[in-house]
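Q: Coordinates in structure.txt, compact mmCIF, C-alpha atoms (C1' of nucleotides), are listed below.
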```txt
# COMPACT_ATOMS: atom_id res chain seq x y z
CA MET A 1 114.89 94.05 115.07
CA LYS A 2 113.55 91.34 112.82
CA ILE A 3 114.52 91.86 109.19
CA ALA A 4 113.31 89.71 106.31
CA SER A 5 113.87 89.28 102.59
CA PHE A 6 111.08 88.07 100.32
CA ASN A 7 110.99 87.78 96.52
CA ILE A 8 107.24 88.14 96.01
CA ASN A 9 107.16 87.62 92.20
CA GLY A 10 104.77 90.50 91.54
CA ILE A 11 103.01 92.75 94.05
CA LYS A 12 99.71 92.56 92.17
CA ALA A 13 99.74 88.77 92.32
CA ARG A 14 100.72 88.78 96.01
CA ILE A 15 98.25 91.44 97.13
CA GLU A 16 96.69 88.99 99.61
CA ALA A 17 99.57 86.65 100.45
CA LEU A 18 102.06 89.40 101.37
CA PRO A 19 99.87 91.18 103.97
CA ALA A 20 98.87 87.78 105.39
CA TRP A 21 102.52 86.84 105.91
CA LEU A 22 103.34 90.29 107.40
CA ALA A 23 100.52 89.92 109.92
CA GLU A 24 101.79 86.48 110.89
CA ALA A 25 105.57 87.04 110.90
CA LYS A 26 105.53 90.65 112.11
CA PRO A 27 108.94 91.66 110.72
CA ASP A 28 110.19 95.15 111.53
CA VAL A 29 111.82 95.53 108.13
CA VAL A 30 111.25 93.66 104.86
CA CYS A 31 113.27 93.82 101.66
CA LEU A 32 111.06 92.90 98.72
CA GLN A 33 112.24 91.79 95.29
CA GLU A 34 110.45 91.43 91.97
CA ILE A 35 107.67 93.85 92.83
CA LYS A 36 107.12 94.11 89.04
CA SER A 37 105.52 97.51 89.41
CA VAL A 38 106.26 101.14 88.81
CA ASP A 39 106.49 103.21 92.00
CA ASP A 40 103.17 104.96 91.39
CA ALA A 41 101.28 101.68 91.06
CA PHE A 42 102.63 100.12 94.25
CA PRO A 43 99.79 99.72 96.82
CA ARG A 44 101.49 101.85 99.47
CA ALA A 45 98.40 102.55 101.56
CA LEU A 46 97.78 98.87 102.19
CA PHE A 47 101.13 98.59 103.98
CA GLU A 48 101.08 102.04 105.56
CA ASP A 49 97.80 101.04 107.20
CA MET A 50 99.69 98.08 108.72
CA GLY A 51 102.26 100.47 110.19
CA TYR A 52 104.98 100.23 107.54
CA ARG A 53 106.88 102.98 105.83
CA VAL A 54 107.17 102.15 102.13
CA GLU A 55 110.18 102.91 99.93
CA THR A 56 110.08 101.52 96.39
CA HIS A 57 112.46 101.36 93.46
CA GLY A 58 110.33 99.92 90.71
CA MET A 59 110.03 99.73 86.94
CA LYS A 60 107.46 98.53 84.45
CA SER A 61 106.83 94.76 84.19
CA PHE A 62 110.03 93.34 85.62
CA ASN A 63 112.44 93.46 88.56
CA GLY A 64 111.82 96.15 91.17
CA VAL A 65 112.79 96.25 94.85
CA ALA A 66 111.29 97.86 97.94
CA ILE A 67 111.80 98.26 101.67
CA LEU A 68 108.93 98.15 104.14
CA SER A 69 109.80 99.28 107.68
CA ARG A 70 107.97 99.84 110.95
CA LEU A 71 111.11 101.62 112.19
CA PRO A 72 112.30 105.03 110.95
CA LEU A 73 114.28 105.09 107.70
CA GLU A 74 116.93 107.62 106.74
CA ASP A 75 119.10 108.31 103.69
CA VAL A 76 117.19 106.15 101.20
CA THR A 77 119.07 105.69 97.92
CA ARG A 78 118.11 103.84 94.78
CA GLY A 79 120.23 102.01 92.23
CA LEU A 80 123.56 100.18 92.35
CA PRO A 81 126.44 102.54 91.61
CA GLY A 82 128.93 101.87 88.85
CA ASP A 83 126.97 102.00 85.58
CA ASP A 84 124.88 105.02 84.61
CA GLU A 85 123.53 103.08 81.61
CA ASP A 86 121.94 100.39 83.80
CA ILE A 87 118.22 101.11 84.10
CA GLN A 88 117.18 97.85 85.80
CA ALA A 89 115.67 98.40 89.27
CA ARG A 90 117.59 95.94 91.45
CA TRP A 91 119.10 97.84 94.40
CA ILE A 92 117.82 100.03 97.24
CA GLU A 93 119.51 101.20 100.44
CA ALA A 94 118.24 102.75 103.63
CA THR A 95 119.44 103.31 107.18
CA VAL A 96 117.10 101.76 109.76
CA ILE A 97 117.01 103.39 113.16
CA GLY A 98 116.67 100.73 115.86
CA ASP A 99 116.44 100.93 119.63
CA LYS A 100 120.15 100.28 120.11
CA GLY A 101 121.61 101.84 117.00
CA ALA A 102 121.44 102.17 113.24
CA LEU A 103 121.73 99.57 110.50
CA ARG A 104 122.43 100.31 106.84
CA ILE A 105 120.37 97.85 104.84
CA CYS A 106 120.77 97.09 101.14
CA GLY A 107 117.96 95.26 99.37
CA LEU A 108 119.04 93.58 96.16
CA TYR A 109 117.77 91.50 93.26
CA LEU A 110 120.85 90.06 91.60
CA PRO A 111 120.43 89.22 87.89
CA ASN A 112 119.54 85.65 86.96
CA GLY A 113 122.10 85.48 84.14
CA ASN A 114 120.64 82.72 81.98
CA PRO A 115 121.20 81.71 79.26
CA VAL A 116 124.94 81.06 79.42
CA PRO A 117 126.90 82.21 77.56
CA GLY A 118 125.36 85.49 76.47
CA PRO A 119 124.75 89.13 77.31
CA LYS A 120 122.57 88.27 80.31
CA TYR A 121 125.38 86.30 81.93
CA ASP A 122 127.85 89.07 81.14
CA TYR A 123 125.46 91.49 82.83
CA LYS A 124 125.20 89.26 85.89
CA LEU A 125 128.97 89.08 86.36
CA ALA A 126 129.39 92.80 85.75
CA TRP A 127 126.62 93.52 88.26
CA MET A 128 128.33 91.32 90.84
CA ALA A 129 131.59 93.20 90.34
CA ARG A 130 129.72 96.47 90.91
CA MET A 131 128.12 95.03 94.04
CA GLN A 132 131.54 93.97 95.29
CA ALA A 133 132.77 97.54 94.90
CA ARG A 134 129.72 98.92 96.72
CA VAL A 135 130.09 96.43 99.59
CA GLN A 136 133.76 97.30 99.91
CA ALA A 137 132.98 101.02 100.08
CA LEU A 138 130.30 100.51 102.73
CA LEU A 139 132.49 98.19 104.81
CA ALA A 140 135.00 101.02 105.17
CA THR A 141 132.46 102.80 107.37
CA GLU A 142 132.69 99.97 109.94
CA GLU A 143 128.98 100.43 110.60
CA PRO A 144 126.51 97.52 110.89
CA LEU A 145 125.47 96.55 107.35
CA ALA A 146 122.98 94.03 106.00
CA PHE A 147 122.77 92.90 102.36
CA TYR A 148 119.41 91.20 101.95
CA GLY A 149 117.92 89.76 98.85
CA ASP A 150 117.57 87.32 96.01
CA TYR A 151 121.15 86.65 94.95
CA ASN A 152 120.32 84.11 92.23
CA VAL A 153 123.40 82.21 93.44
CA ILE A 154 123.53 78.65 94.77
CA PRO A 155 126.67 78.98 96.92
CA GLU A 156 127.43 75.28 97.45
CA PRO A 157 126.18 71.84 96.30
CA GLN A 158 124.37 71.38 99.63
CA ASP A 159 122.23 74.40 98.74
CA ALA A 160 120.41 72.48 95.99
CA ALA A 161 118.31 69.33 96.27
CA LYS A 162 119.72 68.21 92.91
CA PRO A 163 123.02 70.04 92.41
CA GLU A 164 123.79 67.97 89.31
CA ALA A 165 120.83 69.62 87.57
CA TRP A 166 122.42 73.07 87.96
CA VAL A 167 126.01 72.51 86.84
CA ASN A 168 125.56 74.45 83.58
CA ASP A 169 123.23 77.08 85.03
CA ALA A 170 124.08 80.72 85.67
CA LEU A 171 123.07 80.25 89.32
CA PHE A 172 125.70 77.60 90.00
CA LEU A 173 128.55 77.92 87.50
CA PRO A 174 132.02 78.07 89.07
CA GLU A 175 132.48 81.64 87.79
CA THR A 176 129.22 82.70 89.48
CA ARG A 177 130.16 81.05 92.75
CA ALA A 178 133.62 82.61 92.64
CA ALA A 179 132.12 86.06 92.09
CA TYR A 180 129.80 85.46 95.05
CA ARG A 181 132.75 84.35 97.21
CA ARG A 182 134.66 87.49 96.29
CA ILE A 183 131.80 89.46 97.87
CA VAL A 184 131.47 87.24 100.94
CA ASN A 185 135.24 87.14 101.40
CA LEU A 186 135.35 90.90 101.87
CA GLY A 187 134.27 89.94 105.37
CA LEU A 188 130.54 89.22 105.27
CA THR A 189 128.70 86.51 107.19
CA ASP A 190 125.96 84.35 105.67
CA ALA A 191 123.54 84.75 108.58
CA PHE A 192 121.53 81.65 107.77
CA ARG A 193 124.45 79.33 107.10
CA VAL A 194 126.36 80.14 110.28
CA ARG A 195 123.27 79.21 112.31
CA VAL A 196 121.92 76.25 110.32
CA PRO A 197 124.48 73.81 108.89
CA GLY A 198 123.73 71.06 106.43
CA PRO A 199 121.68 70.41 103.31
CA GLY A 200 117.92 70.61 102.86
CA ASN A 201 117.41 74.33 103.52
CA TYR A 202 115.85 76.06 100.52
CA THR A 203 114.23 79.40 99.71
CA PHE A 204 112.96 78.69 96.16
CA TRP A 205 110.92 75.93 94.59
CA ASP A 206 110.03 76.19 90.88
CA TYR A 207 106.35 76.31 89.97
CA GLN A 208 106.99 73.59 87.40
CA ALA A 209 107.28 69.81 87.59
CA GLY A 210 105.96 69.59 91.14
CA ALA A 211 109.18 71.01 92.56
CA TRP A 212 107.52 71.95 95.88
CA GLU A 213 105.80 68.60 96.32
CA ARG A 214 109.12 66.84 95.61
CA ASN A 215 111.09 69.31 97.77
CA ASN A 216 113.27 70.03 94.76
CA GLY A 217 114.46 73.40 96.03
CA ILE A 218 117.47 75.69 96.03
CA ARG A 219 118.84 78.22 98.53
CA ILE A 220 119.36 81.46 96.61
CA ASP A 221 117.97 84.16 98.93
CA HIS A 222 120.68 85.26 101.33
CA LEU A 223 121.26 87.55 104.30
CA LEU A 224 124.86 88.75 104.35
CA LEU A 225 126.03 90.75 107.37
CA SER A 226 129.03 92.97 107.99
CA PRO A 227 131.14 92.09 111.07
CA GLN A 228 129.43 94.74 113.20
CA ALA A 229 126.00 93.40 112.21
CA ALA A 230 126.99 89.74 112.58
CA ASP A 231 128.00 90.50 116.17
CA ARG A 232 124.34 91.30 116.80
CA LEU A 233 122.86 88.16 115.19
CA VAL A 234 120.30 86.51 117.47
CA ASP A 235 118.24 84.15 115.32
CA VAL A 236 117.44 83.20 111.72
CA GLY A 237 114.72 81.34 109.89
CA ILE A 238 113.13 80.45 106.56
CA ASP A 239 109.34 80.70 106.49
CA LYS A 240 109.02 77.61 104.34
CA GLY A 241 105.33 77.10 105.07
CA VAL A 242 104.41 80.13 102.97
CA ARG A 243 105.20 78.11 99.83
CA GLY A 244 102.32 75.73 100.56
CA LEU A 245 99.67 78.41 101.03
CA GLU A 246 97.18 79.80 98.51
CA LYS A 247 98.68 81.47 95.42
CA PRO A 248 102.28 81.53 96.65
CA SER A 249 105.39 83.18 95.26
CA ASP A 250 108.01 80.69 94.09
CA HIS A 251 110.33 82.11 96.80
CA VAL A 252 109.69 82.13 100.55
CA PRO A 253 110.73 84.72 103.17
CA ILE A 254 114.05 84.43 104.97
CA TRP A 255 114.68 86.49 108.12
CA ALA A 256 117.17 87.29 110.83
CA GLU A 257 116.72 88.83 114.25
CA LEU A 258 119.45 91.35 115.09
CA SER A 259 119.99 92.98 118.47
CA ILE A 260 120.05 96.52 117.09
C1' DA B 1 114.94 68.22 78.80
C1' DT B 2 115.11 73.87 77.53
C1' DG B 3 110.05 75.51 79.71
C1' DC B 4 105.96 71.06 82.58
C1' DC B 5 104.06 77.04 85.66
C1' DA B 6 103.48 81.71 86.72
C1' DT B 7 103.72 86.74 85.94
C1' DC B 8 103.19 90.94 83.25
C1' DC B 9 101.71 93.54 79.28
C1' DA B 10 99.07 93.65 75.79
C1' DA B 11 96.70 91.03 72.59
C1' DT B 12 94.04 86.03 71.60
C1' DG B 13 100.75 85.48 72.12
C1' DG B 14 105.69 87.11 73.68
C1' DA B 15 109.23 87.99 77.16
C1' DT B 16 110.96 86.63 81.43
C1' DG B 17 112.18 83.80 85.14
C1' DA B 18 115.72 80.03 87.61
```
Kindly transcribe the structure held in the file into structure tokens.

A:
Amino acid sequence: MKIASFNINGIKARIEALPAWLAEAKPDVVCLQEIKSVDDAFPRALFEDMGYRVETHGMKSFNGVAILSRLPLEDVTRGLPGDDEDIQARWIEATVIGDKGALRICGLYLPNGNPVPGPKYDYKLAWMARMQARVQALLATEEPLAFYGDYNVIPEPQDAAKPEAWVNDALFLPETRAAYRRIVNLGLTDAFRVRVPGPGNYTFWDYQAGAWERNNGIRIDHLLLSPQAADRLVDVGIDKGVRGLEKPSDHVPIWAELSI
DNA sequence: ATGCCATCCAATGGATGA
């Protein structure tokens, strides 16, 4: 199955670009971030008519995640465990039923965290600790797992065109990268990085200052796989061309083909 | 650079993003 992650920066603004990419890329499952819509306002029928089941976890104005799937979904849950006070819509899980087995997929929109220091950065680090606990709990099942989404983390200097510009940013601070490594080091595989070494692979280009035209990008959207899912990894890619089309998101889709 | 662009909501600007 081909599974993608795409931060669309608003479903209303991407009402043409998202279906166009789906028709071209034909993913079986897509994790969306920043739908910026309440569940009732999400244009479900548009995607159902294309053959996708639609599961949303939205809120007014900001954040919001969703899973679109042409394969059956079971046991959909919403929200990242660990803080009943947290009302931000950033986490959704579902079990996808493939031809050769099941995959538990978690779609996530990890907090940005800027400015640093401050409550937003504290929230980011606390959220990452909660995610670490959730990943650890799921890994105990020894089932194939996929954690797809916008991590708002630049893992290494080679993941930014200008790493020096990010040294004081919440996406690249040593404490952020260490928190990200604590998650990866539970035993997850960065599906893109194990297949494509080297610099120059980005998933985000700012709208400002001609970042796209200058290829001033960063790699912050990641596909992390549990050992049982990584065993099934067939191919990966970043659909970079989407960034140059009409009315694009500032992120582009990233995908992996798994033999499941 | 501390917001050059974009989005959303609501109001003719503010909050947010990365």

Q: Write out as a Markdown table the residues of chain B that have any atom within 8 Å of an atom of chain A, one row each with the nearest atom pair and its distance in Å to one decimal, counting all atoms listed in the file, sorted by chain and then rising number.

A:
```
| residue | atom | partner | partner_atom | distance |
| --- | --- | --- | --- | --- |
| B:DC4 | C1' | A:Ala209 | CA | 5.3 |
| B:DC5 | C1' | A:Gln208 | CA | 4.8 |
| B:DA6 | C1' | A:Tyr207 | CA | 6.9 |
| B:DT7 | C1' | A:Gly10 | CA | 6.8 |
| B:DC8 | C1' | A:Ser61 | CA | 5.4 |
| B:DC9 | C1' | A:Ser61 | CA | 7.2 |
| B:DT16 | C1' | A:Phe62 | CA | 8.0 |
| B:DG17 | C1' | A:Asn112 | CA | 7.8 |
| B:DA18 | C1' | A:Asn112 | CA | 6.8 |
```

Q: By how many Å are atom CA of His251 of chain A and atom CA of Val76 of chain A apart?

A: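 One can read the atom CA of His251 of chain A to atom CA of Val76 of chain A distance as 25.4 Å.
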
Q: To one decimal in Å, tell me the separation between atom CA of Leu73 of chain A and atom CA of Val30 of chain A.

A: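 Interatomic distance here is 12.2 Å.
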
Q: May I have the residues within 10 Å of Arg53 of chain A as a VMD selection string, using all atoms listed in the file and disregarding those fewer than 4 positions away in the same chain?

A: chain A and resid 29 44 to 45 47 to 49 67 to 73

Q: In terms of the shortest atom-to-atom distance over all atoms listed in the file, which of A:Ala230, A:Leu108, A:Asp239, A:Leu245 is closest to Glu16 of chain A?

A: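 Residue with the minimum atom-to-atom distance to Glu16 of chain A: A:Leu245.
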
Q: When you draw a straight line from atom CA of Cys31 of chain A to atom CA of Ile254 of chain A, how long is it in Å?

A: 10.0 Å
